[in-house]
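> This is the structure, below, for whatever I ask next.
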Amino acid sequence: MTALRKRMLEELQRRNYSPTTIRAYLHIVEVFARHFGKSPDKLDQEHLRQYQLHLLHDRKLTVGTIVSHIAALRFFFVRVLRRPYREIDLVYPKRPERLPTVLSQEEVAQLIASASNLLDYAMLTTLYATGVRRTELIRLKTEDIDSQRMIVHIRQGKGNRDRDVPLTPKLLETLREYWRWMKPKTYLFPGMVDGWRADKPLTPKCVWTAVRDAAKRAGIKKRVSPHTLRHYSEFRTMPSDIGLICAEPGITGLRHSCAGKSLGIVRLDLQIGEKGQK
């Protein structure tokens with residue numbers, strides 16, 4: 001490890017950045033220096049301007065990814081190299097406003113039912129029922145499932161915050177069936193080492209792959225990711241044939257935040273509403 005990399009690592013650790021953010025920032029600065037074939041402390045504002053155009057036009061990265069690069073490079077030049085903030089002319093590109101991918105009740109039911117095994121089924125059900133992020137999902141431990149209080153503890157989620165989310169009876173039933181099959185020790189969804197289950201968390205990519213493969217088997221053409229299932233977490237609902245408890249009879253909810261504006265989408269299902277009134 002070079003002295004410059006060590007210094008950046010220490011500055012990130014001093015501010016208690018998460019391990020994921022630390023790895024990402026170090027990697028971004030490393031790729032930036034490799035692009036110009038020089039040590040990053042030898043690069044200046046003109047290099048930053050050229051690199052941002054390279055990310056936009058040549059690599060065609062999304063706005064969200066470019067924003068992450070800007071944040072990492074700004075941290076390096078301002079916090080590590082101690083250059084004046086105003087001299088770091090990295091502009092944030094305008095973020096397009098898009099509606100989220102919306103799945104119908106039938107598509108969600110097909111997606112979860114198309115899981116290739118009980119592990120994937122339990123992960124998809126947990127994502128949908130709790131609205132956790134995939135990084136939060138893989139860090140869940142068996143002790144975080146509180147069946148007495150019917151809650152799921154999320155430890156050190158985004159922003160290093162703890163929170164609790166509801167545990168529905170259907171999810172609890174699914175997790176119990178999964179536990180009898182997998183018998184996890186520490187982590188609820190253990191990963192693999194040399195082809196064998198190990199007492200370590202899955203990688204985030206495994207969750208993404210499970211959702212993608214289930215969508216493909218279900219014949220869903222829409223772009224689906226683990227984050228797609230977070231859009232439904234406002235009401236903690238599930239399609240009626242899957243059986244999770246709906247917060248309000250007859251209402252299936254979806255909320256999403258886009259570019260600082262609250263976008264609410266609520267769908268009424270008269271058929272379920274009629275059943276709820278019987």
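Just so we're on the same page: first chain in the structure tokens is A, next is B, and so on; residues restart at 1 for each chain, and ligands are numbered from 1 in the order they show up.
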Could you pull out all residues of segment 150-189 of chain A with a DSSP call of helix (DSSP H, G or I) and give them as a list in words?
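Of segment 150-189 of chain A, the ones in helix (DSSP H, G or I) are Pro169, Lys170, Leu171, Leu172, Glu173, Thr174, Leu175, Arg176, Glu177, Tyr178, Trp179, Arg180, Trp181 and Met182 of chain A.
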> Residues within 9 Å of Leu103 of chain A, please, as JSON, numbers by chain. Count only C-alpha atoms; anything in the same chain fewer than 3 positions from it doesn't count.
{"A": [106, 107, 108, 222, 224, 228, 229]}
> Smallest atom-to-atom distance to Leu55 of chain A: which of A:Phe77, A:Tyr121, A:Phe32, A:Trp208, using only C-alpha atoms?
A:Phe32
> Calculated over only C-alpha atoms, which of the candidates A:Leu188, A:Ile66, A:Met123, A:Ala198 has the smallest distance to Asp144 of chain A?
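Looking only at the distances to Asp144 of chain A, the closest residue turns out to be A:Leu188.
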> Do you know which residues are at most 9 Å from Leu167 of chain A counting only C-alpha atoms, after dropping those on the same chain fewer than 4 positions away, and could you put them as a PyMOL selection string?
chain A and resi 129-130+145-147+149-152+171-172
> Would you mind telling me which residue in A:Tyr85, A:Phe189, A:Tyr51, A:Phe36 lies nearest to Pro204 of chain A when using only C-alpha atoms?
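Result for the nearest residue to Pro204 of chain A: A:Phe189.
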> Show me, as a PDB file with N, CA, C and O atoms, in the first residue's frame, the residues that have an atom within 10 Å of Pro201 of chain A when counting only C-alpha atoms, minus same-chain residues fewer than 3 positions from it.

```
ATOM      1  N   THR A 135     -27.798  -5.008   0.396  1.00  0.00           N
ATOM      2  CA  THR A 135     -26.666  -5.080   1.323  1.00  0.00           C
ATOM      3  C   THR A 135     -27.138  -5.330   2.751  1.00  0.00           C
ATOM      4  O   THR A 135     -26.444  -5.963   3.549  1.00  0.00           O
ATOM      5  N   LEU A 137     -29.890  -7.016   3.399  1.00  0.00           N
ATOM      6  CA  LEU A 137     -30.381  -8.400   3.384  1.00  0.00           C
ATOM      7  C   LEU A 137     -29.262  -9.388   3.688  1.00  0.00           C
ATOM      8  O   LEU A 137     -29.429 -10.289   4.514  1.00  0.00           O
ATOM      9  N   ILE A 138     -28.125  -9.228   3.021  1.00  0.00           N
ATOM     10  CA  ILE A 138     -27.057 -10.219   3.191  1.00  0.00           C
ATOM     11  C   ILE A 138     -26.397 -10.126   4.559  1.00  0.00           C
ATOM     12  O   ILE A 138     -25.746 -11.084   5.004  1.00  0.00           O
ATOM     13  N   ARG A 139     -26.578  -8.992   5.249  1.00  0.00           N
ATOM     14  CA  ARG A 139     -25.990  -8.869   6.585  1.00  0.00           C
ATOM     15  C   ARG A 139     -26.940  -9.298   7.691  1.00  0.00           C
ATOM     16  O   ARG A 139     -26.577  -9.260   8.871  1.00  0.00           O
ATOM     17  N   LEU A 140     -28.154  -9.699   7.332  1.00  0.00           N
ATOM     18  CA  LEU A 140     -29.096 -10.172   8.352  1.00  0.00           C
ATOM     19  C   LEU A 140     -28.544 -11.407   9.057  1.00  0.00           C
ATOM     20  O   LEU A 140     -28.003 -12.304   8.423  1.00  0.00           O
ATOM     21  N   LYS A 141     -28.721 -11.431  10.366  1.00  0.00           N
ATOM     22  CA  LYS A 141     -28.313 -12.582  11.155  1.00  0.00           C
ATOM     23  C   LYS A 141     -29.553 -13.278  11.706  1.00  0.00           C
ATOM     24  O   LYS A 141     -30.628 -12.689  11.780  1.00  0.00           O
ATOM     25  N   THR A 186     -24.801 -18.125  11.874  1.00  0.00           N
ATOM     26  CA  THR A 186     -24.736 -16.697  12.208  1.00  0.00           C
ATOM     27  C   THR A 186     -25.555 -15.871  11.231  1.00  0.00           C
ATOM     28  O   THR A 186     -26.522 -15.207  11.617  1.00  0.00           O
ATOM     29  N   TYR A 187     -25.162 -15.927   9.971  1.00  0.00           N
ATOM     30  CA  TYR A 187     -25.847 -15.142   8.952  1.00  0.00           C
ATOM     31  C   TYR A 187     -27.054 -15.899   8.418  1.00  0.00           C
ATOM     32  O   TYR A 187     -26.984 -17.101   8.159  1.00  0.00           O
ATOM     33  N   LEU A 188     -28.143 -15.180   8.247  1.00  0.00           N
ATOM     34  CA  LEU A 188     -29.379 -15.804   7.784  1.00  0.00           C
ATOM     35  C   LEU A 188     -29.215 -16.402   6.392  1.00  0.00           C
ATOM     36  O   LEU A 188     -29.745 -17.479   6.107  1.00  0.00           O
ATOM     37  N   PHE A 189     -28.475 -15.701   5.539  1.00  0.00           N
ATOM     38  CA  PHE A 189     -28.233 -16.180   4.176  1.00  0.00           C
ATOM     39  C   PHE A 189     -26.726 -16.339   3.971  1.00  0.00           C
ATOM     40  O   PHE A 189     -26.041 -15.422   3.519  1.00  0.00           O
ATOM     41  N   PRO A 190     -26.187 -17.504   4.341  1.00  0.00           N
ATOM     42  CA  PRO A 190     -24.734 -17.708   4.295  1.00  0.00           C
ATOM     43  C   PRO A 190     -24.205 -17.835   2.874  1.00  0.00           C
ATOM     44  O   PRO A 190     -24.903 -18.275   1.966  1.00  0.00           O
ATOM     45  N   GLY A 191     -22.934 -17.440   2.710  1.00  0.00           N
ATOM     46  CA  GLY A 191     -22.285 -17.507   1.408  1.00  0.00           C
ATOM     47  C   GLY A 191     -21.552 -18.820   1.203  1.00  0.00           C
ATOM     48  O   GLY A 191     -21.761 -19.792   1.937  1.00  0.00           O
ATOM     49  N   MET A 192     -20.672 -18.818   0.212  1.00  0.00           N
ATOM     50  CA  MET A 192     -19.949 -20.033  -0.166  1.00  0.00           C
ATOM     51  C   MET A 192     -18.444 -19.780  -0.116  1.00  0.00           C
ATOM     52  O   MET A 192     -17.973 -18.684  -0.397  1.00  0.00           O
ATOM     53  N   ARG A 197     -20.961 -24.231   1.775  1.00  0.00           N
ATOM     54  CA  ARG A 197     -21.570 -23.190   2.579  1.00  0.00           C
ATOM     55  C   ARG A 197     -20.647 -22.828   3.739  1.00  0.00           C
ATOM     56  O   ARG A 197     -20.075 -23.703   4.395  1.00  0.00           O
ATOM     57  N   ALA A 198     -20.502 -21.533   3.965  1.00  0.00           N
ATOM     58  CA  ALA A 198     -19.623 -21.059   5.027  1.00  0.00           C
ATOM     59  C   ALA A 198     -20.366 -20.037   5.889  1.00  0.00           C
ATOM     60  O   ALA A 198     -21.362 -19.454   5.461  1.00  0.00           O
ATOM     61  N   PRO A 204     -23.490  -9.175  -2.500  1.00  0.00           N
ATOM     62  CA  PRO A 204     -24.645  -8.483  -3.083  1.00  0.00           C
ATOM     63  C   PRO A 204     -24.983  -8.975  -4.490  1.00  0.00           C
ATOM     64  O   PRO A 204     -26.156  -8.979  -4.875  1.00  0.00           O
TER      65      PRO A 204
END
```
> Identify, on the basis of only C-alpha atoms, every residue whose closest approach to Arg155 of chain A does not exceed 8 Å; exclude the query and any residue fewer than 3 positions from it along the same chain; express the result as a list of chain:residue names.
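Listed by chain and then number, they are A:Glu136, A:Arg139, A:Leu140, A:Asn160, A:Arg161, A:Asp162, A:Arg163.
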> Please produce a file of those selected residues containing N, CA, C and O atoms, as a PDB file, in the first residue's frame.

```pdb
ATOM      1  N   GLU A 136     -28.323  -4.807   3.084  1.00  0.00           N
ATOM      2  CA  GLU A 136     -28.895  -5.065   4.408  1.00  0.00           C
ATOM      3  C   GLU A 136     -29.373  -6.505   4.507  1.00  0.00           C
ATOM      4  O   GLU A 136     -29.267  -7.133   5.562  1.00  0.00           O
ATOM      5  N   ARG A 139     -26.578  -8.992   5.249  1.00  0.00           N
ATOM      6  CA  ARG A 139     -25.990  -8.869   6.585  1.00  0.00           C
ATOM      7  C   ARG A 139     -26.940  -9.298   7.691  1.00  0.00           C
ATOM      8  O   ARG A 139     -26.577  -9.260   8.871  1.00  0.00           O
ATOM      9  N   LEU A 140     -28.154  -9.699   7.332  1.00  0.00           N
ATOM     10  CA  LEU A 140     -29.096 -10.172   8.352  1.00  0.00           C
ATOM     11  C   LEU A 140     -28.544 -11.407   9.057  1.00  0.00           C
ATOM     12  O   LEU A 140     -28.003 -12.304   8.423  1.00  0.00           O
ATOM     13  N   ASN A 160     -25.431   4.179   8.374  1.00  0.00           N
ATOM     14  CA  ASN A 160     -25.040   3.573   9.658  1.00  0.00           C
ATOM     15  C   ASN A 160     -26.149   3.694  10.700  1.00  0.00           C
ATOM     16  O   ASN A 160     -25.898   3.976  11.879  1.00  0.00           O
ATOM     17  N   ARG A 161     -27.389   3.492  10.257  1.00  0.00           N
ATOM     18  CA  ARG A 161     -28.533   3.599  11.157  1.00  0.00           C
ATOM     19  C   ARG A 161     -29.167   2.226  11.379  1.00  0.00           C
ATOM     20  O   ARG A 161     -29.279   1.441  10.454  1.00  0.00           O
ATOM     21  N   ASP A 162     -29.588   1.982  12.612  1.00  0.00           N
ATOM     22  CA  ASP A 162     -30.366   0.788  12.934  1.00  0.00           C
ATOM     23  C   ASP A 162     -31.854   1.110  12.773  1.00  0.00           C
ATOM     24  O   ASP A 162     -32.283   2.248  12.996  1.00  0.00           O
ATOM     25  N   ARG A 163     -32.638   0.117  12.404  1.00  0.00           N
ATOM     26  CA  ARG A 163     -34.083   0.299  12.339  1.00  0.00           C
ATOM     27  C   ARG A 163     -34.757  -1.063  12.435  1.00  0.00           C
ATOM     28  O   ARG A 163     -34.110  -2.099  12.249  1.00  0.00           O
TER      29      ARG A 163
END
```
> Of the candidates A:Leu9, A:Lys221, A:Ala33, A:Pro93, which shows the shortest atom-to-atom distance to Leu61 of chain A, using only C-alpha atoms?
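Counting only C-alpha atoms, the residue closest to Leu61 of chain A is A:Pro93.
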> Between atom CA of Glu177 of chain A and atom CA of Arg230 of chain A, measure the distance and give it in Å to one decimal.
23.4 Å
> With only C-alpha atoms as the counted atoms, please give the residues lying no more than 8 Å from Leu124 of chain A, apart from itself and same-chain residues fewer than 5 positions off, as a VMD selection string.
chain A and resid 112 115 210 to 211
> For segment 81-84 of chain A, list every protein, DNA or RNA residue within 10 Å, evaluated using only C-alpha atoms, and leave out those in the same chain fewer than 6 positions away; present the list as a short mmCIF file (atom, residue, chain, number, x, y, z; two decimals) with N, CA and C atoms, in the first residue's frame.

```cif
data_model
loop_
_atom_site.label_atom_id
_atom_site.label_comp_id
_atom_site.auth_asym_id
_atom_site.auth_seq_id
_atom_site.Cartn_x
_atom_site.Cartn_y
_atom_site.Cartn_z
N LEU A 4 0.18 7.37 -0.10
CA LEU A 4 -0.98 8.17 -0.46
C LEU A 4 -2.28 7.40 -0.25
N ARG A 7 -2.95 7.15 3.42
CA ARG A 7 -3.45 8.41 3.97
C ARG A 7 -4.93 8.59 3.67
N MET A 8 -5.34 8.23 2.46
CA MET A 8 -6.76 8.33 2.10
C MET A 8 -7.59 7.36 2.93
N PRO A 40 -2.08 10.03 -8.57
CA PRO A 40 -3.21 10.97 -8.54
C PRO A 40 -2.87 12.34 -7.98
N ASP A 41 -1.85 12.44 -7.13
CA ASP A 41 -1.48 13.74 -6.59
C ASP A 41 -0.75 14.61 -7.60
N ARG A 74 -13.61 14.26 -5.25
CA ARG A 74 -13.63 15.49 -4.46
C ARG A 74 -13.07 15.23 -3.05
N PHE A 75 -13.43 14.09 -2.48
CA PHE A 75 -12.90 13.74 -1.16
C PHE A 75 -11.38 13.64 -1.21
#
```
> Given the choices A:Arg98, A:Leu48, A:Asn117, A:Ala24, which gets closest to Ala72 of chain A if the distance is worked out from only C-alpha atoms?
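For Ala72 of chain A, the nearest of the given residues is A:Ala24.
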> Quick one: of A:Ala3, A:Leu175, A:Ala214, A:Leu202, who's nearest to Arg134 of chain A, counting only C-alpha atoms?
A:Leu202
